[in-house]
Structures are given as structure tokens and as C-alpha cells.
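Novice: The structure file protein-v8.cif (mmCIF, C-alpha atoms) is provided below.
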data_coords
loop_
_atom_site.group_PDB
_atom_site.id
_atom_site.type_symbol
_atom_site.label_atom_id
_atom_site.label_comp_id
_atom_site.auth_asym_id
_atom_site.auth_seq_id
_atom_site.Cartn_x
_atom_site.Cartn_y
_atom_site.Cartn_z
ATOM 1 C CA MET A 818 30.749 19.372 100.750
ATOM 2 C CA PRO A 819 33.050 18.253 103.595
ATOM 3 C CA ARG A 820 35.956 15.958 102.742
ATOM 4 C CA VAL A 821 37.066 12.929 104.710
ATOM 5 C CA TYR A 822 40.770 12.462 105.413
ATOM 6 C CA PHE A 823 42.450 9.278 106.693
ATOM 7 C CA SER A 824 45.377 9.619 109.027
ATOM 8 C CA GLY A 825 47.078 6.547 107.561
ATOM 9 C CA LYS A 826 46.915 4.115 104.657
ATOM 10 C CA ALA A 827 46.144 1.053 106.769
ATOM 11 C CA LEU A 828 42.365 1.601 106.860
ATOM 12 C CA ALA A 829 42.169 2.358 103.137
ATOM 13 C CA LEU A 830 44.171 -0.781 102.297
ATOM 14 C CA ALA A 831 42.008 -2.833 104.645
ATOM 15 C CA LEU A 832 38.865 -1.637 102.883
ATOM 16 C CA LEU A 833 40.362 -2.392 99.471
ATOM 17 C CA ALA A 834 41.833 -5.758 100.464
ATOM 18 C CA PRO A 835 38.692 -7.922 99.881
ATOM 19 C CA MET A 836 38.114 -6.531 96.384
ATOM 20 C CA LEU A 837 41.812 -6.757 95.487
ATOM 21 C CA ALA A 838 41.866 -10.369 96.684
ATOM 22 C CA ILE A 839 38.849 -11.219 94.527
ATOM 23 C CA ILE A 840 40.441 -9.558 91.484
ATOM 24 C CA ALA A 841 43.708 -11.398 92.064
ATOM 25 C CA ILE A 842 42.082 -14.817 92.587
ATOM 26 C CA PHE A 843 39.475 -14.713 89.826
ATOM 27 C CA PHE A 844 41.169 -12.491 87.233
ATOM 28 C CA LEU A 845 44.909 -11.967 87.603
ATOM 29 C CA VAL A 846 45.874 -15.543 88.494
ATOM 30 C CA PRO A 847 43.731 -17.183 85.750
ATOM 31 C CA SER A 848 44.990 -14.603 83.246
ATOM 32 C CA ALA A 849 48.604 -15.355 84.112
ATOM 33 C CA GLN A 850 47.912 -19.088 83.902
ATOM 34 C CA GLY A 851 46.213 -18.675 80.521
ATOM 35 C CA LEU A 852 49.148 -16.631 79.245
ATOM 36 C CA TRP A 853 51.575 -19.373 80.309
ATOM 37 C CA TYR A 854 49.417 -22.067 78.683
ATOM 38 C CA SER A 855 49.357 -20.088 75.409
ATOM 39 C CA VAL A 856 53.159 -20.223 75.089
ATOM 40 C CA SER A 857 53.631 -23.788 76.308
ATOM 41 C CA ARG A 858 52.816 -27.348 75.308
ATOM 42 C CA SER A 859 51.923 -30.323 77.491
ATOM 43 C CA VAL A 860 54.459 -33.139 77.387
ATOM 44 C CA ASP A 861 52.945 -35.320 80.106
ATOM 45 C CA VAL A 862 49.170 -35.509 80.537
ATOM 46 C CA PHE A 863 49.491 -37.316 83.885
ATOM 47 C CA THR A 864 51.782 -34.855 85.643
ATOM 48 C CA GLY A 865 50.685 -31.767 83.709
ATOM 49 C CA ARG A 866 54.304 -30.896 82.875
ATOM 50 C CA LYS A 867 54.680 -28.304 80.114
ATOM 51 C CA ILE A 868 57.518 -26.895 78.073
ATOM 52 C CA PHE A 869 57.919 -23.410 76.688
ATOM 53 C CA VAL A 870 57.275 -23.240 72.921
ATOM 54 C CA GLY A 871 57.015 -19.481 72.405
ATOM 55 C CA LEU A 872 54.555 -18.414 69.700
ATOM 56 C CA GLU A 873 54.171 -21.884 68.212
ATOM 57 C CA ASN A 874 50.523 -22.191 69.296
ATOM 58 C CA PHE A 875 49.694 -18.848 67.693
ATOM 59 C CA SER A 876 51.464 -19.698 64.428
ATOM 60 C CA ILE A 877 49.590 -22.999 64.187
ATOM 61 C CA LEU A 878 46.280 -21.218 64.730
ATOM 62 C CA LEU A 879 46.939 -18.616 62.063
ATOM 63 C CA THR A 880 47.476 -21.380 59.489
ATOM 64 C CA ASP A 881 44.570 -23.567 60.637
ATOM 65 C CA PRO A 882 41.638 -23.516 58.150
ATOM 66 C CA LEU A 883 39.197 -24.539 60.874
ATOM 67 C CA TYR A 884 40.195 -21.482 62.890
ATOM 68 C CA HIS A 885 39.749 -19.284 59.823
ATOM 69 C CA GLN A 886 36.278 -20.759 59.396
ATOM 70 C CA ALA A 887 35.491 -20.034 63.059
ATOM 71 C CA ILE A 888 36.482 -16.385 62.534
ATOM 72 C CA ILE A 889 34.191 -16.065 59.514
ATOM 73 C CA THR A 890 31.360 -17.787 61.384
ATOM 74 C CA THR A 891 31.800 -15.435 64.345
ATOM 75 C CA VAL A 892 31.714 -12.351 62.115
ATOM 76 C CA ILE A 893 28.532 -13.512 60.368
ATOM 77 C CA PHE A 894 26.847 -14.641 63.578
ATOM 78 C CA SER A 895 27.682 -11.539 65.627
ATOM 79 C CA SER A 896 26.725 -9.159 62.796
ATOM 80 C CA LEU A 897 23.327 -10.794 62.355
ATOM 81 C CA VAL A 898 22.608 -10.936 66.079
ATOM 82 C CA VAL A 899 23.564 -7.295 66.659
ATOM 83 C CA PHE A 900 21.584 -6.058 63.642
ATOM 84 C CA PHE A 901 18.372 -7.965 64.318
ATOM 85 C CA SER A 902 18.354 -7.640 68.110
ATOM 86 C CA VAL A 903 18.953 -3.878 68.044
ATOM 87 C CA SER A 904 16.556 -3.243 65.147
ATOM 88 C CA LEU A 905 13.719 -5.362 66.529
ATOM 89 C CA GLY A 906 14.251 -3.965 70.022
ATOM 90 C CA LEU A 907 13.839 -0.437 68.666
ATOM 91 C CA ILE A 908 10.738 -1.360 66.650
ATOM 92 C CA LEU A 909 9.045 -3.045 69.604
ATOM 93 C CA ALA A 910 9.942 -0.140 71.903
ATOM 94 C CA ALA A 911 8.439 2.330 69.441
ATOM 95 C CA MET A 912 5.264 0.243 69.198
ATOM 96 C CA ALA A 913 4.967 -0.125 72.982
ATOM 97 C CA ASN A 914 5.560 3.592 73.435
ATOM 98 C CA ARG A 915 2.529 4.360 71.234
ATOM 99 C CA VAL A 916 -0.020 2.068 72.896
ATOM 100 C CA LEU A 917 -2.547 3.242 75.449
ATOM 101 C CA TRP A 918 -1.204 3.954 78.919
ATOM 102 C CA ARG A 919 -3.375 1.294 80.590
ATOM 103 C CA ALA A 920 -2.060 -1.457 78.316
ATOM 104 C CA ARG A 921 1.559 -0.250 78.226
ATOM 105 C CA LYS A 922 2.620 -2.028 81.398
ATOM 106 C CA ILE A 923 1.214 -5.320 80.126
ATOM 107 C CA TYR A 924 3.144 -5.046 76.850
ATOM 108 C CA GLN A 925 6.325 -4.111 78.695
ATOM 109 C CA SER A 926 6.054 -7.074 81.052
ATOM 110 C CA LEU A 927 5.378 -9.556 78.250
ATOM 111 C CA LEU A 928 8.274 -8.267 76.147
ATOM 112 C CA MET A 929 10.688 -8.504 79.094
ATOM 113 C CA TRP A 930 10.024 -12.177 79.812
ATOM 114 C CA PRO A 931 12.497 -13.707 77.283
ATOM 115 C CA TYR A 932 15.462 -11.980 78.953
ATOM 116 C CA VAL A 933 14.890 -13.708 82.304
ATOM 117 C CA VAL A 934 14.900 -17.155 80.694
ATOM 118 C CA ALA A 935 18.182 -19.003 81.252
ATOM 119 C CA PRO A 936 20.192 -19.561 78.033
ATOM 120 C CA ALA A 937 20.036 -23.350 78.330
ATOM 121 C CA VAL A 938 16.269 -23.229 78.884
ATOM 122 C CA ALA A 939 15.810 -20.858 75.937
ATOM 123 C CA ALA A 940 17.881 -23.161 73.727
ATOM 124 C CA THR A 941 15.780 -26.153 74.787
ATOM 125 C CA LEU A 942 12.558 -24.306 73.929
ATOM 126 C CA TRP A 943 13.825 -23.483 70.450
ATOM 127 C CA LEU A 944 15.011 -27.058 69.946
ATOM 128 C CA LEU A 945 11.579 -28.395 70.834
ATOM 129 C CA MET A 946 9.858 -25.981 68.464
ATOM 130 C CA PHE A 947 12.184 -26.674 65.533
ATOM 131 C CA ASN A 948 13.060 -30.309 66.122
ATOM 132 C CA PRO A 949 12.943 -32.045 62.710
ATOM 133 C CA LEU A 950 10.936 -34.951 64.150
ATOM 134 C CA VAL A 951 8.526 -33.499 66.732
ATOM 135 C CA GLY A 952 8.812 -29.701 66.411
ATOM 136 C CA TYR A 953 5.663 -27.803 65.447
ATOM 137 C CA PHE A 954 7.451 -25.134 63.423
ATOM 138 C CA ALA A 955 9.571 -27.807 61.729
ATOM 139 C CA PHE A 956 6.322 -29.468 60.653
ATOM 140 C CA VAL A 957 5.024 -26.146 59.304
ATOM 141 C CA LEU A 958 8.245 -25.599 57.348
ATOM 142 C CA LYS A 959 8.082 -29.078 55.853
ATOM 143 C CA GLN A 960 4.462 -28.489 54.863
ATOM 144 C CA ALA A 961 5.644 -25.347 53.085
ATOM 145 C CA GLY A 962 8.089 -27.427 51.062
ATOM 146 C CA ILE A 963 11.244 -26.638 53.044
ATOM 147 C CA ASP A 964 13.493 -29.595 53.807
ATOM 148 C CA TRP A 965 14.133 -28.561 57.391
ATOM 149 C CA ASN A 966 16.864 -30.409 59.278
ATOM 150 C CA TYR A 967 19.382 -28.243 61.121
ATOM 151 C CA HIS A 968 21.370 -31.366 62.024
ATOM 152 C CA VAL A 969 22.378 -31.654 58.375
ATOM 153 C CA TYR A 970 22.257 -28.191 56.841
ATOM 154 C CA GLY A 971 24.687 -25.636 58.231
ATOM 155 C CA GLY A 972 22.707 -22.633 56.992
ATOM 156 C CA GLN A 973 19.621 -23.794 58.855
ATOM 157 C CA ALA A 974 21.639 -24.352 62.031
ATOM 158 C CA MET A 975 23.084 -20.845 61.785
ATOM 159 C CA THR A 976 19.606 -19.399 61.229
ATOM 160 C CA LEU A 977 18.299 -21.226 64.274
ATOM 161 C CA VAL A 978 21.033 -20.069 66.675
ATOM 162 C CA VAL A 979 20.835 -16.486 65.356
ATOM 163 C CA ALA A 980 17.067 -16.482 65.896
ATOM 164 C CA ALA A 981 17.401 -17.873 69.432
ATOM 165 C CA ALA A 982 20.187 -15.437 70.387
ATOM 166 C CA THR A 983 18.257 -12.512 68.917
ATOM 167 C CA TRP A 984 15.021 -13.501 70.638
ATOM 168 C CA ARG A 985 16.694 -13.613 74.028
ATOM 169 C CA GLN A 986 18.495 -10.258 73.621
ATOM 170 C CA ILE A 987 15.585 -8.267 72.183
ATOM 171 C CA SER A 988 14.094 -7.731 75.649
ATOM 172 C CA TYR A 989 17.282 -6.120 76.941
ATOM 173 C CA ASN A 990 17.401 -3.717 73.995
ATOM 174 C CA PHE A 991 13.677 -3.061 74.270
ATOM 175 C CA LEU A 992 14.010 -1.877 77.853
ATOM 176 C CA PHE A 993 16.734 0.668 77.076
ATOM 177 C CA PHE A 994 15.100 1.895 73.882
ATOM 178 C CA LEU A 995 11.769 2.347 75.625
ATOM 179 C CA ALA A 996 13.397 4.454 78.341
ATOM 180 C CA ALA A 997 15.185 6.504 75.669
ATOM 181 C CA LEU A 998 11.998 7.060 73.662
ATOM 182 C CA GLN A 999 10.067 8.135 76.739
ATOM 183 C CA ALA A 1000 12.787 10.715 77.429
ATOM 184 C CA VAL A 1001 12.277 12.389 74.039
ATOM 185 C CA PRO A 1002 10.373 15.668 74.680
ATOM 186 C CA PRO A 1003 6.865 15.370 73.176
ATOM 187 C CA SER A 1004 6.955 19.082 72.331
ATOM 188 C CA LEU A 1005 9.648 18.447 69.691
ATOM 189 C CA ILE A 1006 7.571 15.748 68.026
ATOM 190 C CA GLU A 1007 4.466 17.932 68.094
ATOM 191 C CA ALA A 1008 6.349 20.921 66.683
ATOM 192 C CA ALA A 1009 7.738 18.814 63.846
ATOM 193 C CA ALA A 1010 4.255 17.457 63.090
ATOM 194 C CA LEU A 1011 2.850 20.993 62.942
ATOM 195 C CA ASP A 1012 5.621 21.916 60.496
ATOM 196 C CA GLY A 1013 4.455 19.117 58.200
ATOM 197 C CA ALA A 1014 7.086 16.477 58.973
ATOM 198 C CA GLY A 1015 5.803 12.950 58.455
ATOM 199 C CA PRO A 1016 6.436 9.964 60.761
ATOM 200 C CA VAL A 1017 9.555 8.887 58.850
ATOM 201 C CA ARG A 1018 11.013 12.401 58.861
ATOM 202 C CA ARG A 1019 10.295 12.833 62.569
ATOM 203 C CA LEU A 1020 11.966 9.498 63.280
ATOM 204 C CA SER A 1021 15.100 10.192 61.215
ATOM 205 C CA SER A 1022 15.555 13.874 62.098
ATOM 206 C CA ILE A 1023 14.459 14.018 65.742
ATOM 207 C CA VAL A 1024 14.029 10.665 67.463
ATOM 208 C CA LEU A 1025 17.065 8.737 66.171
ATOM 209 C CA PRO A 1026 19.597 11.551 66.841
ATOM 210 C CA LEU A 1027 18.246 11.980 70.377
ATOM 211 C CA ILE A 1028 18.505 8.270 71.180
ATOM 212 C CA ALA A 1029 21.895 7.864 69.435
ATOM 213 C CA PRO A 1030 23.821 7.465 72.745
ATOM 214 C CA THR A 1031 21.508 4.610 73.762
ATOM 215 C CA THR A 1032 21.838 3.002 70.329
ATOM 216 C CA PHE A 1033 25.635 3.207 70.463
ATOM 217 C CA PHE A 1034 25.697 1.705 73.954
ATOM 218 C CA LEU A 1035 23.448 -1.171 72.887
ATOM 219 C CA VAL A 1036 25.554 -1.914 69.804
ATOM 220 C CA VAL A 1037 28.640 -2.335 72.004
ATOM 221 C CA VAL A 1038 26.773 -4.432 74.578
ATOM 222 C CA ASN A 1039 25.186 -6.642 71.927
ATOM 223 C CA LEU A 1040 28.531 -7.184 70.237
ATOM 224 C CA VAL A 1041 30.045 -8.451 73.490
ATOM 225 C CA TYR A 1042 26.914 -10.563 74.031
ATOM 226 C CA ALA A 1043 27.219 -12.146 70.579
ATOM 227 C CA PHE A 1044 30.898 -12.932 71.133
ATOM 228 C CA PHE A 1045 30.716 -14.394 74.640
ATOM 229 C CA ASP A 1046 27.233 -14.848 76.133
ATOM 230 C CA THR A 1047 25.851 -17.039 73.352
ATOM 231 C CA PHE A 1048 28.056 -19.989 74.245
ATOM 232 C CA ALA A 1049 25.299 -21.804 76.173
ATOM 233 C CA LEU A 1050 22.858 -21.427 73.279
ATOM 234 C CA ILE A 1051 25.291 -22.864 70.730
ATOM 235 C CA ASP A 1052 26.437 -25.652 73.035
ATOM 236 C CA THR A 1053 22.885 -26.751 73.815
ATOM 237 C CA MET A 1054 21.416 -26.372 70.330
ATOM 238 C CA THR A 1055 24.088 -27.430 67.833
ATOM 239 C CA SER A 1056 27.364 -28.121 69.702
ATOM 240 C CA GLY A 1057 29.111 -26.142 66.997
ATOM 241 C CA GLY A 1058 27.804 -28.292 64.140
ATOM 242 C CA PRO A 1059 26.947 -29.429 61.666
ATOM 243 C CA TYR A 1060 30.424 -29.560 60.147
ATOM 244 C CA GLN A 1061 31.674 -26.589 62.236
ATOM 245 C CA ALA A 1062 28.932 -24.386 60.729
ATOM 246 C CA THR A 1063 28.063 -22.794 64.092
ATOM 247 C CA THR A 1064 31.456 -23.003 65.783
ATOM 248 C CA THR A 1065 32.237 -19.474 66.905
ATOM 249 C CA LEU A 1066 35.533 -18.363 68.411
ATOM 250 C CA VAL A 1067 34.342 -18.666 72.002
ATOM 251 C CA TYR A 1068 32.922 -22.147 71.369
ATOM 252 C CA LYS A 1069 36.154 -23.261 69.681
ATOM 253 C CA VAL A 1070 38.064 -22.161 72.798
ATOM 254 C CA TYR A 1071 35.885 -24.544 74.795
ATOM 255 C CA SER A 1072 35.900 -27.438 72.310
ATOM 256 C CA ASP A 1073 39.674 -27.407 71.819
ATOM 257 C CA GLY A 1074 40.473 -26.946 75.495
ATOM 258 C CA PHE A 1075 37.895 -29.030 77.370
ATOM 259 C CA VAL A 1076 36.944 -31.553 74.694
ATOM 260 C CA GLY A 1077 40.166 -31.877 72.715
ATOM 261 C CA LEU A 1078 42.352 -31.226 75.797
ATOM 262 C CA ASN A 1079 44.612 -28.965 73.747
ATOM 263 C CA TYR A 1080 45.095 -26.356 76.460
ATOM 264 C CA GLY A 1081 47.862 -24.500 74.655
ATOM 265 C CA SER A 1082 45.767 -23.845 71.559
ATOM 266 C CA SER A 1083 42.712 -23.020 73.660
ATOM 267 C CA ALA A 1084 44.634 -20.475 75.729
ATOM 268 C CA ALA A 1085 46.100 -18.899 72.596
ATOM 269 C CA GLN A 1086 42.627 -18.630 71.097
ATOM 270 C CA SER A 1087 41.283 -16.946 74.240
ATOM 271 C CA ILE A 1088 44.035 -14.325 74.077
ATOM 272 C CA ILE A 1089 43.380 -13.678 70.376
ATOM 273 C CA LEU A 1090 39.647 -13.394 71.095
ATOM 274 C CA MET A 1091 40.284 -10.900 73.890
ATOM 275 C CA VAL A 1092 42.492 -8.808 71.577
ATOM 276 C CA ILE A 1093 39.859 -8.874 68.804
ATOM 277 C CA VAL A 1094 37.071 -7.724 71.109
ATOM 278 C CA GLY A 1095 39.333 -5.029 72.551
ATOM 279 C CA ILE A 1096 40.189 -3.730 69.085
ATOM 280 C CA LEU A 1097 36.533 -3.701 68.032
ATOM 281 C CA THR A 1098 35.553 -1.812 71.177
ATOM 282 C CA VAL A 1099 38.312 0.776 70.678
ATOM 283 C CA VAL A 1100 37.298 1.252 67.031
ATOM 284 C CA GLN A 1101 33.667 1.706 68.022
ATOM 285 C CA PHE A 1102 34.428 4.315 70.675
ATOM 286 C CA ARG A 1103 37.122 6.081 68.658
ATOM 287 C CA TYR A 1104 35.400 6.371 65.286
ATOM 288 C CA ILE A 1105 31.719 5.489 65.560
ATOM 289 C CA GLY A 1106 31.396 7.133 68.973
ATOM 290 C CA LYS A 1107 32.531 10.483 67.548
ATOM 291 C CA ARG A 1108 29.308 10.672 65.564
ATOM 292 C CA VAL A 1109 27.189 10.277 68.674
ATOM 293 C CA HIS A 1110 26.110 13.503 70.365
ATOM 294 C CA TYR A 1111 25.310 13.407 74.072
ATOM 295 C CA GLY A 1112 23.003 16.355 74.425
#
The structure given in the file should be rewritten as C-alpha cells.

Specialist:
Amino acid sequence: MPRVYFSGKALALALLAPMLAIIAIFFLVPSAQGLWYSVSRSVDVFTGRKIFVGLENFSILLTDPLYHQAIITTVIFSSLVVFFSVSLGLILAAMANRVLWRARKIYQSLLMWPYVVAPAVAATLWLLMFNPLVGYFAFVLKQAGIDWNYHVYGGQAMTLVVAAATWRQISYNFLFFLAALQAVPPSLIEAAALDGAGPVRRLSSIVLPLIAPTTFFLVVVNLVYAFFDTFALIDTMTSGGPYQATTTLVYKVYSDGFVGLNYGSSAAQSIILMVIVGILTVVQFRYIGKRVHYG
């Protein structure tokens, strides 16, 4: 294959300049500003003047019980969302992969619809269905003897946001799992069936190991989704309540910075959140990823 050589660096720099400018404007500059905010404190809200306070914002956060609660809430919320969205996505993909060919496209299209719904719209739909006063499913729950009111009970609010976040992400997982299942050679499944392996044995010994790379990829993607992309759902449905029961780390960054106007604490929280997600990703790729075989 012939190679292309440039006589000088001017053309290469010119081609890279637009992308470098975008990275600098939308990533490097805000990152530097956030880093400065995390080690400073506002002394004049009118002029925006700040003074350097070092690690004071971080030390206050580490001793704040509300921040500790937000960490626990994030761990519970993200674990539930990742588990249910990945598991249900795999189950639905396996079911769609077994239906008749003529009906398969219809099932695939219907199962993909939730992913194209905007987060705020999805949150509004769930609020209407489970509204304690006018929601149909809230009425069904009350008829079953359940005192349903997510405005009061933190466990119910957490259940509602987990269900909404899972429902929206299932379609994404379904699409990847379906592609992975269709790539499994049918001859292997047929050979295992002829050897007497049942459906569970074929799933555990053949199908799951072959789709392990897809599963690992989806676990990482869903973890990032649960940490960051669920902000609109929480903000629309519960606003972090009741009593901080659904305040995750990313929502606390917003509430402290844009509602409480504590930019120093908000910036420090964003840096801690970035470090936590980075550590989790490294751990996943370094330890869990070693057990995944790519062919």
C-alpha cells in the first residue's frame, strides 16, 4: 500500500488545527478553570474574585455526611442500573433471536424505541404513570395495598429512577447483545445439542463465553451511563429527593454549583468524580478484562 509523505509540517498542523482548537476550547480551558475553582473560594460574588485555599474544599467534602450519603446512593444506583439493564438486555436479545424471521424485525424495532426517547421525555412519561394522584400504576399499587408516594419515601423514589434509567438503557444493550448472539455459529449450538447439552448448559458453556467481549464492553458503557447520563432523569423526576435519597454524585455537583452557588465545592466534587470513574474503568480493564477472551 503506497504511503503519503508531506514535505513540511504546515499542512499537517493546518489539518489538525480545527480539532485542536475544539479540544482546547471545550475541554482544556474548562478543565483548567474547574481545577482552579476546586482550590479556591469566592470572596466577592459580584466581581467573582477568588482566593487560593489549597485542598480546603476537598477536606470539607471528605468530612461532609451528605457527600458520604451521595457516594453510597451512587454506588447503589449505578450497581442496580448496570445489573438490570445488562441482564434484561441479554434476555430480550435471546428471546428476539429465537423468534421467527418474519417477526424478528418488528420485535427489534419495538425494543429499540425507548433509546431514542429524550431523557426528559422519558422521565415525564414515568412520572405520569407513577404519579401518586393521577398515575395509573400508582393506582394499581395502592389497590394492592402499597402506600405509594415517591415524594415521601426515599426507597420508592430510588426504585422509580432505577426503573426509568434501566428502561431507557435496555434498548442499547439489546442491540449489541442481539448482534453478538447472531454472530455465534449455529453449528456449535447444534453440536452441543446433539451431545446432550441442555439449554442452560449451552448458554453457560458456549454462548456466554463467546459474547463475553460484548458483555464486558456493555458493563463499562452502562457504568459510565449510570454515573453521568442519568442526570436528566433524576433532575426531572425527583430533583435528588426526597431527603437526598436520589442525590447521586453527578447531581450533587449540579445542585451545589448551580443551585447553591458553591463553585469551589462543586468543582472539587467533579474532580473526585472523574478520578473515581477513572479508577473503576482501570480496575475493570486490568482485572475483569483479563478474564475476557477475544476469540

Novice: Please list as a list of chain:residue names every residue within 10 Å of Asp964 of chain A, counting all atoms listed in the file and excluding residues in the same chain fewer than 4 positions away.

Specialist: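 Neighbouring residues, sequence-local ones excluded: A:Pro949, A:Ala955, A:Phe956, A:Leu958, A:Lys959, A:Gln960, A:Tyr970, A:Gln973.
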
Novice: What is the atom CA of Thr1063 of chain A-atom CA of Arg858 of chain A distance in Å, reported with one decimal?

Specialist: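 Interatomic distance here is 27.6 Å.
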
Novice: List the neighbours of Leu1040 of chain A out to 10 Å using only C-alpha atoms; skip same-chain residues closer than 3 positions along the sequence, and give me the result as a PyMOL selection string.

Specialist: chain A and resi 895-896+898-900+1035-1037+1043-1046+1094+1097-1098

Novice: If you measure from atom CA of Thr983 of chain A to atom CA of Ser902 of chain A, what distance in Å do you get, rounded to one decimal?

Specialist: 4.9 Å

Novice: With distances taken over only C-alpha atoms, which of A:Phe947, A:Tyr989, A:Tyr1068, A:Phe954 is nearest to Trp930 of chain A?

Specialist: A:Tyr989

Novice: To one decimal in Å, tell me the separation between atom CA of Val1067 of chain A and atom CA of Ala1049 of chain A.

Specialist: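 Atom CA of Ala1049 of chain A lies at a distance of 10.4 Å from atom CA of Val1067 of chain A.
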
Novice: On this structure, the PyMOL selection byres ((chain A and resi 944) around 12) would catch which residues? List them as a PyMOL selection string, sorted by chain and number.

Specialist: chain A and resi 937-943+945-955+966-968+974+977-978+980-981+1050-1055

Novice: Identify which of the residues A:Ser904, A:Ser859, A:Ser848, A:Thr891 lies closest to Leu1078 of chain A, counting all atoms listed in the file when measuring atom-to-atom distances.

Specialist: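 Closest candidate: A:Ser859.
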
Novice: Go through segment 1049-1109 of chain A and flag each residue having an atom no more than 10 Å from segment 870-880 of chain A; for those, report the closest pair of atoms plus their distance in Å to one decimal, using only C-alpha atoms, ordered by chain and rising number, as a tab-separated table.

Specialist:
residue	atom	partner	partner_atom	distance
A:Tyr1080	CA	A:Asn874	CA	9.9
A:Gly1081	CA	A:Asn874	CA	6.4
A:Ser1082	CA	A:Asn874	CA	5.5
A:Ser1083	CA	A:Asn874	CA	9.0
A:Ala1084	CA	A:Asn874	CA	8.9
A:Ala1085	CA	A:Phe875	CA	6.1
A:Gln1086	CA	A:Leu878	CA	7.8
A:Ile1088	CA	A:Phe875	CA	9.7
A:Ile1089	CA	A:Phe875	CA	8.6

Novice: Once you have the residues from the selection above, write them out as a short mmCIF file (atom, residue, chain, number, x, y, z; two decimals), in the coordinates of the input, restricted to C-alpha atoms.

Specialist:
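Generated output (result_38.cif):
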data_model
loop_
_atom_site.label_atom_id
_atom_site.label_comp_id
_atom_site.auth_asym_id
_atom_site.auth_seq_id
_atom_site.Cartn_x
_atom_site.Cartn_y
_atom_site.Cartn_z
CA TYR A 1080 45.10 -26.36 76.46
CA GLY A 1081 47.86 -24.50 74.66
CA SER A 1082 45.77 -23.84 71.56
CA SER A 1083 42.71 -23.02 73.66
CA ALA A 1084 44.63 -20.48 75.73
CA ALA A 1085 46.10 -18.90 72.60
CA GLN A 1086 42.63 -18.63 71.10
CA ILE A 1088 44.04 -14.32 74.08
CA ILE A 1089 43.38 -13.68 70.38
#

Novice: Env of Leu928 of chain A: 9 Å cut, atoms = all atoms listed in the file, seq-sep filter 2 positions within chain, self excluded. Answer as a PyMOL selection string.

Specialist: chain A and resi 909+923-926+930-932+987-988+991-992

Novice: Step by step, gather every atom of segment 866-872 of chain A that the file lists, find the box along x, y and z that holds them, add 8 Å on each side, and finally give centre and edge lengths in Å to one decimal, as JSON.

Specialist:
{"center_x": 56.1, "center_y": -24.7, "center_z": 76.3, "size_x": 19.6, "size_y": 28.5, "size_z": 29.2}

Novice: Counting only C-alpha atoms, figure out which residue out of A:Arg1018, A:Lys1069, A:Lys867, A:Arg915 gets nearest to His885 of chain A.

Specialist: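 Under the stated criterion, the closest residue is A:Lys1069.
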
Novice: At a cut-off of 10 Å from (15.6, 8.9, 73.9) in the coordinates of the file, what residues are picked up using all atoms listed in the file, written as a list in words?

Specialist: Phe993, Phe994, Leu995, Ala996, Ala997, Leu998, Gln999, Ala1000, Val1001, Pro1002, Ile1023, Val1024, Leu1025, Pro1026, Leu1027, Ile1028, Ala1029, Pro1030, Thr1031 and Thr1032 of chain A
